[in-house]
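Trainee: Following this message is one structure expressed as structure tokens.
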Amino acid sequence: MGPTIGITLSSEEHPAPVLVDIARRAEAAGFRAAWISDHFHPWTRSQGQSPFVWSVIGAIAEATSELRVTTGVTCPTVRLHPAIIAQAAATSATLLGAGRFALGVGSGEALNEHILGDAWPNIEVRLAMLEEAVEVMRLLWSGGVHSFHGDHYDLDRAELYSLPEEPVAVLVSAFGPKAVEVAARVGEGYICTMPDDTLLKAYRAAGGRGPAQAGMKVCWGPDEAECRRTAHRIWPTEAIPGEIAQVLPSPAHFEQAAELVTEDMVAESVTCGPDPERHVAALRDYLDAGYDEV
């Protein structure tokens with residue numbers, strides 16, 4: 001079986017009813033896999049939306065019959081306790097049915113996770129929290145009553161009564177060597193958004209198993225210049241480098257950082273225009289890097 005080409009449901013750009021309609025139409029067009037982003041805020045106000053992902057997934061389950069859905073990605077550590085994410089993921093898996101839901105997780109961004117006033121930890125602590133959160137979720141998915149007392153989380157006689165037939169698969173997003181080590185240790189798959197094969201090879205070398213999924217953005221339209229302007233207006237954050245994206249706390253801060261981003265910088269990572277061959281070539285970079293699903 002060859003690689004899968006899926007579609008991303010961008011919660012930052014579309015309200016919930018539109019996301020559900022896109023999922024329905026994508027399935028009708030032949031797509032069999034989708035990511036859906038899980039945010040509290042969009043990165044910038046020009047993106048303009050951010051519905052509650054678990055409600056949207058429930059509606060997608062009713063609107064589709066075959067589409068596989070992966071959250072791309074959920075942070076199960078600060079804004080919501082991993083026990084709550086475990087319940088939400090289990091319910092989503094029962095609604096979509098066997099093999100149609102996977103939980104993509106990552107160490108998160110201050111943009112979404114600071115909203116309750118919690119301190120935003122450094123990356124080492126965030127990765128430790130993520131690893132423990134996955135342990136808590138798997139414990140609950142195993143069935144029965146559980147108490148847990150870890151470094152970051154506690155459970156007191158908790159039990160999930162609504163469980164899918166199979167435990168939820170956890171795919172882990174990682175963009176640096178420390179995160180890749182955690183992903184390989186606790187994940188049942190890998191998630192990334194870069195076509196470079198270096199991180200994927202490191203994941204496999206560290207014992208990482210399961211499918212490798214990647215995400216990319218394109219802007220299609222009959223006028224390439226207009227596509228470039230659109231990509232720059234909506235996704236200037238594509239060209240914001242390094243750890244900045246993990247520590248900025250609000251869309252306003254991302255907009256300030258984006259003032260340094262030019263149209264050409266965005267066009268380097270977002271393929272723009274009407275030429276299908278250019279979009280295919282961008283997809284092929286990910287497949288050549290070894291990803292199973294884009």
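Residues are named by chain letter and number: chains run A, B, ... in the order of the structure tokens, numbers start at 1 in each chain, and ligands are numbered from 1 in the order shown.
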Report as a list in words: the residues of region 182-246 of chain A with a DSSP assignment of strand (DSSP E or B), based on the backbone of this structure.
Mentor: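 Answer for region 182-246 of chain A restricted to strand (DSSP E or B) is Tyr190, Ile191, Cys192, Ala212, Gln213, Ala214, Val218 and Cys219 of chain A.
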Trainee: Take the residues from that selection and put them in a file with all heavy atoms, as a PDB file, in the first residue's frame.
Mentor:
ATOM      1  N   TYR A 190       4.769   9.139  14.341  1.00  0.00           N
ATOM      2  CA  TYR A 190       5.522  10.396  14.384  1.00  0.00           C
ATOM      3  C   TYR A 190       4.835  11.438  13.519  1.00  0.00           C
ATOM      4  O   TYR A 190       4.294  11.127  12.447  1.00  0.00           O
ATOM      5  CB  TYR A 190       6.949  10.145  13.898  1.00  0.00           C
ATOM      6  CG  TYR A 190       7.811  11.380  13.805  1.00  0.00           C
ATOM      7  CD1 TYR A 190       8.119  12.129  14.937  1.00  0.00           C
ATOM      8  CD2 TYR A 190       8.332  11.790  12.581  1.00  0.00           C
ATOM      9  CE1 TYR A 190       8.916  13.262  14.852  1.00  0.00           C
ATOM     10  CE2 TYR A 190       9.135  12.911  12.485  1.00  0.00           C
ATOM     11  CZ  TYR A 190       9.428  13.653  13.623  1.00  0.00           C
ATOM     12  OH  TYR A 190      10.202  14.774  13.536  1.00  0.00           O
ATOM     13  N   ILE A 191       4.868  12.695  13.977  1.00  0.00           N
ATOM     14  CA  ILE A 191       4.264  13.813  13.250  1.00  0.00           C
ATOM     15  C   ILE A 191       5.289  14.927  13.101  1.00  0.00           C
ATOM     16  O   ILE A 191       5.997  15.268  14.052  1.00  0.00           O
ATOM     17  CB  ILE A 191       3.018  14.340  13.990  1.00  0.00           C
ATOM     18  CG1 ILE A 191       1.841  13.367  13.789  1.00  0.00           C
ATOM     19  CG2 ILE A 191       2.634  15.733  13.534  1.00  0.00           C
ATOM     20  CD1 ILE A 191       0.582  13.765  14.532  1.00  0.00           C
ATOM     21  N   CYS A 192       5.351  15.504  11.895  1.00  0.00           N
ATOM     22  CA  CYS A 192       6.254  16.618  11.646  1.00  0.00           C
ATOM     23  C   CYS A 192       5.659  17.499  10.540  1.00  0.00           C
ATOM     24  O   CYS A 192       4.673  17.115   9.894  1.00  0.00           O
ATOM     25  CB  CYS A 192       7.638  16.112  11.241  1.00  0.00           C
ATOM     26  SG  CYS A 192       8.945  17.368  11.328  1.00  0.00           S
ATOM     27  N   ALA A 212       4.529   7.548   9.950  1.00  0.00           N
ATOM     28  CA  ALA A 212       5.060   8.909  10.014  1.00  0.00           C
ATOM     29  C   ALA A 212       4.166   9.807   9.172  1.00  0.00           C
ATOM     30  O   ALA A 212       3.984   9.568   7.970  1.00  0.00           O
ATOM     31  CB  ALA A 212       6.494   8.957   9.504  1.00  0.00           C
ATOM     32  N   GLN A 213       3.590  10.801   9.822  1.00  0.00           N
ATOM     33  CA  GLN A 213       2.709  11.739   9.144  1.00  0.00           C
ATOM     34  C   GLN A 213       3.368  13.116   9.081  1.00  0.00           C
ATOM     35  O   GLN A 213       4.051  13.526  10.019  1.00  0.00           O
ATOM     36  CB  GLN A 213       1.370  11.864   9.874  1.00  0.00           C
ATOM     37  CG  GLN A 213       0.559  10.587   9.938  1.00  0.00           C
ATOM     38  CD  GLN A 213      -0.803  10.812  10.578  1.00  0.00           C
ATOM     39  OE1 GLN A 213      -1.187  11.924  10.896  1.00  0.00           O
ATOM     40  NE2 GLN A 213      -1.541   9.726  10.771  1.00  0.00           N
ATOM     41  N   ALA A 214       3.161  13.803   7.977  1.00  0.00           N
ATOM     42  CA  ALA A 214       3.680  15.163   7.827  1.00  0.00           C
ATOM     43  C   ALA A 214       2.585  16.058   7.295  1.00  0.00           C
ATOM     44  O   ALA A 214       1.653  15.604   6.632  1.00  0.00           O
ATOM     45  CB  ALA A 214       4.884  15.180   6.884  1.00  0.00           C
ATOM     46  N   VAL A 218      -0.333  24.675   1.053  1.00  0.00           N
ATOM     47  CA  VAL A 218      -0.264  25.211  -0.303  1.00  0.00           C
ATOM     48  C   VAL A 218      -1.335  26.284  -0.436  1.00  0.00           C
ATOM     49  O   VAL A 218      -2.282  26.333   0.351  1.00  0.00           O
ATOM     50  CB  VAL A 218      -0.493  24.117  -1.379  1.00  0.00           C
ATOM     51  CG1 VAL A 218       0.470  22.952  -1.190  1.00  0.00           C
ATOM     52  CG2 VAL A 218      -1.930  23.615  -1.363  1.00  0.00           C
ATOM     53  N   CYS A 219      -1.157  27.152  -1.402  1.00  0.00           N
ATOM     54  CA  CYS A 219      -2.201  28.120  -1.732  1.00  0.00           C
ATOM     55  C   CYS A 219      -2.442  28.041  -3.233  1.00  0.00           C
ATOM     56  O   CYS A 219      -1.608  28.483  -4.027  1.00  0.00           O
ATOM     57  CB  CYS A 219      -1.785  29.534  -1.319  1.00  0.00           C
ATOM     58  SG  CYS A 219      -3.124  30.743  -1.514  1.00  0.00           S
TER      59      CYS A 219
END
Trainee: Write out as a PyMOL selection string the residues lying within 7 Å of region 50-67 of chain A, counting only C-alpha atoms and excluding same-chain residues fewer than 2 positions away.
Mentor: chain A and resi 11-12+15-16+20+23-24+27+32-34+38-42+69+88+92+95-96+100
Trainee: A:Tyr153, A:Trp120, A:Phe101, A:Tyr203: which is nearest Glu165 (chain A), counting only C-alpha atoms?
Mentor: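 Once distances to Glu165 (chain A) are computed over only C-alpha atoms, the minimum belongs to A:Phe101.
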Trainee: Grab the CA of Asn112 (chain A) to CA of Ser147 (chain A) distance for me, in Å with one decimal place.
Mentor: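 According to the coordinates, CA of Asn112 (chain A) and CA of Ser147 (chain A) are separated by 27.9 Å.
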Trainee: Identify which of the residues A:Thr4, A:Ser142, A:Thr237, A:Thr77 lies closest to Leu127 (chain A), counting only C-alpha atoms when measuring atom-to-atom distances.
Mentor: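 Among the listed residues, A:Thr77 lies closest to Leu127 (chain A).
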Trainee: Might you pull out every residue within 12 Å of Asn122 (chain A), with only C-alpha atoms counted and same-chain residues fewer than 6 positions away left off, and present them as number ranges by chain?
Mentor: A: 107-110, 128-129, 243, 246-247
Trainee: Have a look at CA of Ala267 (chain A) and CA of Arg233 (chain A) and let me know their distance in Å, one decimal.
Mentor: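 According to the coordinates, CA of Ala267 (chain A) and CA of Arg233 (chain A) are separated by 11.5 Å.
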Trainee: Just want the 7 Å neighbourhood of Pro274 (chain A), counted on only C-alpha atoms, with same-chain residues fewer than 5 positions away dropped. Output as a ChimeraX atom specification.
Mentor: /A:220-224
Trainee: Of the residues A:Val261, A:Gly208, A:Cys272, A:Gly242, which is the one nearest to Cys227 (chain A), using only C-alpha atoms?
Mentor: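 Checking each of A:Val261, A:Gly208, A:Cys272, A:Gly242 against Cys227 (chain A), counting only C-alpha atoms, the winner is A:Cys272.
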Trainee: So which residues of region 72-265 of chain A fall under helix (DSSP H, G or I) by DSSP, listed as a tab-separated table (two decimals) with N, CA, C and O atoms, in the first residue's frame?
Mentor:
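Final file, selection03.tsv:
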chain	number	residue	atom	x	y	z
A	82	PRO	N	-4.53	15.59	31.27
A	82	PRO	CA	-4.55	14.43	30.36
A	82	PRO	C	-5.72	13.48	30.59
A	82	PRO	O	-6.12	12.78	29.65
A	83	ALA	N	-6.29	13.44	31.78
A	83	ALA	CA	-7.46	12.59	31.99
A	83	ALA	C	-8.64	13.07	31.16
A	83	ALA	O	-9.43	12.27	30.63
A	84	ILE	N	-8.78	14.39	31.02
A	84	ILE	CA	-9.87	14.95	30.22
A	84	ILE	C	-9.62	14.68	28.73
A	84	ILE	O	-10.55	14.33	27.99
A	85	ILE	N	-8.37	14.84	28.30
A	85	ILE	CA	-8.04	14.51	26.91
A	85	ILE	C	-8.27	13.02	26.65
A	85	ILE	O	-8.76	12.64	25.57
A	86	ALA	N	-7.95	12.18	27.61
A	86	ALA	CA	-8.17	10.74	27.44
A	86	ALA	C	-9.65	10.45	27.22
A	86	ALA	O	-10.02	9.63	26.37
A	87	GLN	N	-10.52	11.11	27.97
A	87	GLN	CA	-11.96	10.91	27.81
A	87	GLN	C	-12.42	11.43	26.45
A	87	GLN	O	-13.20	10.76	25.74
A	88	ALA	N	-11.95	12.62	26.07
A	88	ALA	CA	-12.35	13.20	24.79
A	88	ALA	C	-11.90	12.32	23.63
A	88	ALA	O	-12.65	12.09	22.66
A	89	ALA	N	-10.67	11.83	23.69
A	89	ALA	CA	-10.14	10.99	22.62
A	89	ALA	C	-10.88	9.66	22.54
A	89	ALA	O	-11.18	9.16	21.45
A	90	ALA	N	-11.17	9.08	23.70
A	90	ALA	CA	-11.89	7.80	23.71
A	90	ALA	C	-13.27	7.96	23.09
A	90	ALA	O	-13.72	7.12	22.30
A	91	THR	N	-13.97	9.03	23.46
A	91	THR	CA	-15.30	9.27	22.90
A	91	THR	C	-15.22	9.51	21.40
A	91	THR	O	-16.04	9.00	20.62
A	92	SER	N	-14.22	10.28	20.95
A	92	SER	CA	-14.05	10.52	19.52
A	92	SER	C	-13.82	9.22	18.77
A	92	SER	O	-14.36	9.01	17.68
A	93	ALA	N	-13.04	8.32	19.37
A	93	ALA	CA	-12.77	7.04	18.73
A	93	ALA	C	-14.03	6.19	18.63
A	93	ALA	O	-14.23	5.47	17.64
A	94	THR	N	-14.89	6.25	19.64
A	94	THR	CA	-16.14	5.49	19.56
A	94	THR	C	-17.08	6.07	18.50
A	94	THR	O	-17.81	5.33	17.84
A	95	LEU	N	-17.08	7.38	18.34
A	95	LEU	CA	-17.94	8.01	17.34
A	95	LEU	C	-17.48	7.71	15.91
A	95	LEU	O	-18.29	7.42	15.03
A	96	LEU	N	-16.17	7.80	15.68
A	96	LEU	CA	-15.65	7.59	14.34
A	96	LEU	C	-15.61	6.11	13.97
A	96	LEU	O	-15.77	5.75	12.81
A	110	ALA	N	2.69	28.33	24.21
A	110	ALA	CA	2.14	29.28	25.18
A	110	ALA	C	0.88	29.96	24.64
A	110	ALA	O	-0.03	30.29	25.40
A	111	LEU	N	0.81	30.14	23.34
A	111	LEU	CA	-0.34	30.77	22.69
A	111	LEU	C	-1.67	30.22	23.18
A	111	LEU	O	-2.63	30.96	23.40
A	112	ASN	N	-1.73	28.91	23.37
A	112	ASN	CA	-2.96	28.25	23.79
A	112	ASN	C	-2.97	27.86	25.27
A	112	ASN	O	-4.03	27.80	25.89
A	113	GLU	N	-1.80	27.59	25.81
A	113	GLU	CA	-1.74	26.93	27.11
A	113	GLU	C	-1.64	27.90	28.30
A	113	GLU	O	-1.82	27.48	29.44
A	123	ILE	N	11.33	23.78	27.90
A	123	ILE	CA	11.09	22.64	27.03
A	123	ILE	C	11.36	21.31	27.73
A	123	ILE	O	10.64	20.33	27.51
A	124	GLU	N	12.37	21.25	28.60
A	124	GLU	CA	12.65	19.99	29.29
A	124	GLU	C	11.48	19.57	30.17
A	124	GLU	O	11.08	18.39	30.19
A	125	VAL	N	10.90	20.53	30.87
A	125	VAL	CA	9.74	20.23	31.72
A	125	VAL	C	8.54	19.88	30.87
A	125	VAL	O	7.79	18.94	31.17
A	126	ARG	N	8.34	20.61	29.77
A	126	ARG	CA	7.18	20.33	28.91
A	126	ARG	C	7.26	18.91	28.33
A	126	ARG	O	6.24	18.21	28.24
A	127	LEU	N	8.45	18.47	27.97
A	127	LEU	CA	8.59	17.12	27.43
A	127	LEU	C	8.36	16.07	28.51
A	127	LEU	O	7.75	15.02	28.24
A	128	ALA	N	8.82	16.34	29.73
A	128	ALA	CA	8.54	15.42	30.84
A	128	ALA	C	7.05	15.35	31.12
A	128	ALA	O	6.49	14.26	31.39
A	129	MET	N	6.38	16.49	31.06
A	129	MET	CA	4.93	16.52	31.25
A	129	MET	C	4.22	15.74	30.16
A	129	MET	O	3.26	14.98	30.42
A	130	LEU	N	4.68	15.89	28.91
A	130	LEU	CA	4.06	15.17	27.81
A	130	LEU	C	4.20	13.67	27.97
A	130	LEU	O	3.24	12.91	27.79
A	131	GLU	N	5.39	13.22	28.35
A	131	GLU	CA	5.60	11.79	28.53
A	131	GLU	C	4.71	11.24	29.65
A	131	GLU	O	4.11	10.16	29.50
A	132	GLU	N	4.60	11.97	30.74
A	132	GLU	CA	3.75	11.52	31.83
A	132	GLU	C	2.27	11.57	31.43
A	132	GLU	O	1.48	10.70	31.82
A	133	ALA	N	1.89	12.58	30.65
A	133	ALA	CA	0.50	12.69	30.20
A	133	ALA	C	0.10	11.48	29.34
A	133	ALA	O	-1.01	10.94	29.49
A	134	VAL	N	0.99	11.05	28.47
A	134	VAL	CA	0.70	9.87	27.65
A	134	VAL	C	0.55	8.64	28.54
A	134	VAL	O	-0.34	7.80	28.32
A	135	GLU	N	1.37	8.53	29.57
A	135	GLU	CA	1.24	7.42	30.52
A	135	GLU	C	-0.13	7.43	31.20
A	135	GLU	O	-0.79	6.39	31.33
A	136	VAL	N	-0.57	8.61	31.63
A	136	VAL	CA	-1.88	8.73	32.28
A	136	VAL	C	-3.00	8.33	31.33
A	136	VAL	O	-3.92	7.58	31.70
A	137	MET	N	-2.93	8.82	30.09
A	137	MET	CA	-3.99	8.51	29.13
A	137	MET	C	-4.06	7.02	28.83
A	137	MET	O	-5.15	6.42	28.79
A	138	ARG	N	-2.91	6.41	28.62
A	138	ARG	CA	-2.92	4.97	28.32
A	138	ARG	C	-3.42	4.16	29.52
A	138	ARG	O	-4.08	3.13	29.35
A	139	LEU	N	-3.11	4.62	30.71
A	139	LEU	CA	-3.62	3.95	31.90
A	139	LEU	C	-5.15	3.95	31.90
A	139	LEU	O	-5.79	2.91	32.14
A	140	LEU	N	-5.74	5.08	31.61
A	140	LEU	CA	-7.20	5.18	31.59
A	140	LEU	C	-7.81	4.39	30.43
A	140	LEU	O	-8.88	3.78	30.58
A	141	TRP	N	-7.14	4.38	29.29
A	141	TRP	CA	-7.67	3.62	28.15
A	141	TRP	C	-7.59	2.11	28.38
A	141	TRP	O	-8.27	1.35	27.68
A	177	PRO	N	15.86	17.36	18.67
A	177	PRO	CA	16.40	16.05	19.09
A	177	PRO	C	15.85	15.55	20.42
A	177	PRO	O	15.59	14.35	20.56
A	178	LYS	N	15.64	16.42	21.40
A	178	LYS	CA	15.09	15.98	22.68
A	178	LYS	C	13.66	15.50	22.52
A	178	LYS	O	13.26	14.47	23.08
A	179	ALA	N	12.88	16.24	21.73
A	179	ALA	CA	11.49	15.85	21.50
A	179	ALA	C	11.41	14.55	20.72
A	179	ALA	O	10.53	13.72	20.96
A	180	VAL	N	12.32	14.35	19.76
A	180	VAL	CA	12.33	13.12	18.98
A	180	VAL	C	12.58	11.91	19.88
A	180	VAL	O	11.98	10.85	19.70
A	181	GLU	N	13.46	12.06	20.87
A	181	GLU	CA	13.72	10.96	21.80
A	181	GLU	C	12.46	10.58	22.56
A	181	GLU	O	12.16	9.39	22.74
A	182	VAL	N	11.71	11.59	23.01
A	182	VAL	CA	10.46	11.32	23.72
A	182	VAL	C	9.46	10.66	22.77
A	182	VAL	O	8.78	9.69	23.12
A	183	ALA	N	9.35	11.20	21.55
A	183	ALA	CA	8.41	10.65	20.58
A	183	ALA	C	8.70	9.18	20.30
A	183	ALA	O	7.78	8.35	20.24
A	184	ALA	N	9.97	8.86	20.14
A	184	ALA	CA	10.34	7.47	19.87
A	184	ALA	C	10.04	6.57	21.05
A	184	ALA	O	9.69	5.39	20.88
A	185	ARG	N	10.13	7.11	22.25
A	185	ARG	CA	9.93	6.30	23.46
A	185	ARG	C	8.44	6.04	23.71
A	185	ARG	O	8.08	4.95	24.16
A	186	VAL	N	7.58	7.03	23.47
A	186	VAL	CA	6.19	6.89	23.89
A	186	VAL	C	5.19	6.85	22.75
A	186	VAL	O	4.01	6.53	22.97
A	198	THR	N	15.93	14.31	8.30
A	198	THR	CA	16.85	14.15	9.44
A	198	THR	C	16.12	13.73	10.70
A	198	THR	O	16.52	12.79	11.40
A	199	LEU	N	15.02	14.42	11.03
A	199	LEU	CA	14.30	14.11	12.26
A	199	LEU	C	13.61	12.75	12.17
A	199	LEU	O	13.58	12.00	13.15
A	200	LEU	N	13.06	12.44	11.00
A	200	LEU	CA	12.40	11.15	10.85
A	200	LEU	C	13.41	10.01	11.00
A	200	LEU	O	13.12	8.99	11.66
A	201	LYS	N	14.60	10.17	10.43
A	201	LYS	CA	15.63	9.14	10.60
A	201	LYS	C	16.03	9.01	12.06
A	201	LYS	O	16.26	7.90	12.55
A	202	ALA	N	16.12	10.15	12.75
A	202	ALA	CA	16.47	10.11	14.18
A	202	ALA	C	15.38	9.40	14.98
A	202	ALA	O	15.69	8.64	15.91
A	203	TYR	N	14.13	9.62	14.61
A	203	TYR	CA	13.01	8.95	15.28
A	203	TYR	C	13.13	7.43	15.09
A	203	TYR	O	12.99	6.66	16.05
A	204	ARG	N	13.38	7.00	13.86
A	204	ARG	CA	13.50	5.57	13.60
A	204	ARG	C	14.74	4.99	14.29
A	204	ARG	O	14.68	3.88	14.87
A	205	ALA	N	15.84	5.72	14.28
A	205	ALA	CA	17.07	5.23	14.90
A	205	ALA	C	16.92	5.07	16.40
A	205	ALA	O	17.56	4.20	17.01
A	224	GLU	N	-0.93	33.45	-9.40
A	224	GLU	CA	0.13	33.15	-8.45
A	224	GLU	C	0.42	34.33	-7.53
A	224	GLU	O	0.64	34.15	-6.32
A	225	ALA	N	0.43	35.53	-8.08
A	225	ALA	CA	0.72	36.71	-7.26
A	225	ALA	C	-0.32	36.87	-6.16
A	225	ALA	O	0.01	37.19	-5.01
A	226	GLU	N	-1.58	36.63	-6.50
A	226	GLU	CA	-2.64	36.75	-5.50
A	226	GLU	C	-2.51	35.64	-4.45
A	226	GLU	O	-2.74	35.87	-3.26
A	227	CYS	N	-2.11	34.45	-4.88
A	227	CYS	CA	-1.90	33.35	-3.94
A	227	CYS	C	-0.78	33.70	-2.95
A	227	CYS	O	-0.88	33.41	-1.75
A	228	ARG	N	0.29	34.29	-3.45
A	228	ARG	CA	1.39	34.68	-2.58
A	228	ARG	C	0.93	35.71	-1.56
A	228	ARG	O	1.28	35.63	-0.38
A	229	ARG	N	0.12	36.66	-1.99
A	229	ARG	CA	-0.40	37.67	-1.06
A	229	ARG	C	-1.30	37.03	-0.02
A	229	ARG	O	-1.25	37.37	1.17
A	230	THR	N	-2.12	36.07	-0.44
A	230	THR	CA	-3.02	35.39	0.48
A	230	THR	C	-2.24	34.59	1.52
A	230	THR	O	-2.52	34.65	2.72
A	231	ALA	N	-1.25	33.84	1.05
A	231	ALA	CA	-0.43	33.03	1.97
A	231	ALA	C	0.28	33.93	2.97
A	231	ALA	O	0.36	33.61	4.17
A	232	HIS	N	0.78	35.06	2.51
A	232	HIS	CA	1.48	35.98	3.41
A	232	HIS	C	0.53	36.62	4.41
A	232	HIS	O	0.87	36.81	5.59
A	233	ARG	N	-0.69	36.89	3.99
A	233	ARG	CA	-1.67	37.52	4.88
A	233	ARG	C	-2.14	36.55	5.96
A	233	ARG	O	-2.26	36.92	7.13
A	234	ILE	N	-2.39	35.30	5.58
A	234	ILE	CA	-2.99	34.35	6.52
A	234	ILE	C	-1.92	33.56	7.29
A	234	ILE	O	-2.10	33.25	8.46
A	236	PRO	N	1.75	34.20	7.73
A	236	PRO	CA	3.12	34.71	7.88
A	236	PRO	C	3.89	33.93	8.94
A	236	PRO	O	5.13	33.93	8.93
A	237	THR	N	3.17	33.27	9.83
A	237	THR	CA	3.81	32.49	10.90
A	237	THR	C	4.64	31.33	10.36
A	237	THR	O	5.47	30.78	11.08
A	238	GLU	N	4.43	30.94	9.11
A	238	GLU	CA	5.22	29.87	8.51
A	238	GLU	C	6.71	30.20	8.50
A	238	GLU	O	7.55	29.31	8.48
A	239	ALA	N	7.03	31.49	8.49
A	239	ALA	CA	8.43	31.90	8.37
A	239	ALA	C	9.00	32.44	9.69
A	239	ALA	O	10.07	33.03	9.70
A	244	ILE	N	10.46	30.56	18.93
A	244	ILE	CA	9.57	31.71	19.13
A	244	ILE	C	8.12	31.27	19.16
A	244	ILE	O	7.33	31.73	19.99
A	245	ALA	N	7.76	30.35	18.25
A	245	ALA	CA	6.37	29.92	18.16
A	245	ALA	C	5.88	29.22	19.42
A	245	ALA	O	4.68	29.18	19.69
A	246	GLN	N	6.80	28.68	20.22
A	246	GLN	CA	6.39	27.99	21.44
A	246	GLN	C	6.23	28.92	22.64
A	246	GLN	O	5.61	28.54	23.63
A	247	VAL	N	6.76	30.13	22.54
A	247	VAL	CA	6.77	30.99	23.74
A	247	VAL	C	5.94	32.27	23.61
A	247	VAL	O	5.61	32.88	24.63
A	251	PRO	N	-2.05	36.13	19.80
A	251	PRO	CA	-2.03	36.48	18.37
A	251	PRO	C	-1.37	37.83	18.11
A	251	PRO	O	-0.67	38.00	17.10
A	252	ALA	N	-1.56	38.80	19.01
A	252	ALA	CA	-0.94	40.11	18.81
A	252	ALA	C	0.57	40.01	18.77
A	252	ALA	O	1.24	40.68	17.97
A	253	HIS	N	1.15	39.15	19.62
A	253	HIS	CA	2.60	38.97	19.60
A	253	HIS	C	3.06	38.30	18.30
A	253	HIS	O	4.11	38.66	17.75
A	254	PHE	N	2.31	37.34	17.82
A	254	PHE	CA	2.66	36.71	16.55
A	254	PHE	C	2.58	37.72	15.41
A	254	PHE	O	3.40	37.70	14.48
A	255	GLU	N	1.60	38.60	15.46
A	255	GLU	CA	1.50	39.63	14.42
A	255	GLU	C	2.69	40.57	14.45
A	255	GLU	O	3.19	41.00	13.40
A	256	GLN	N	3.16	40.89	15.65
A	256	GLN	CA	4.35	41.73	15.75
A	256	GLN	C	5.57	41.03	15.15
A	256	GLN	O	6.36	41.63	14.41
A	257	ALA	N	5.74	39.75	15.47
A	257	ALA	CA	6.85	38.99	14.90
A	257	ALA	C	6.72	38.88	13.39
A	257	ALA	O	7.71	38.93	12.65
A	258	ALA	N	5.48	38.75	12.91
A	258	ALA	CA	5.23	38.57	11.47
A	258	ALA	C	5.53	39.83	10.66
A	258	ALA	O	5.65	39.76	9.43
A	263	GLU	N	6.76	38.45	1.90
A	263	GLU	CA	6.01	37.55	1.03
A	263	GLU	C	6.91	36.44	0.48
A	263	GLU	O	6.51	35.27	0.41
A	264	ASP	N	8.13	36.82	0.09
A	264	ASP	CA	9.06	35.82	-0.46
A	264	ASP	C	9.41	34.76	0.59
A	264	ASP	O	9.56	33.58	0.25
A	265	MET	N	9.53	35.16	1.83
A	265	MET	CA	9.87	34.20	2.89
A	265	MET	C	8.77	33.17	3.05
A	265	MET	O	9.03	31.97	3.21
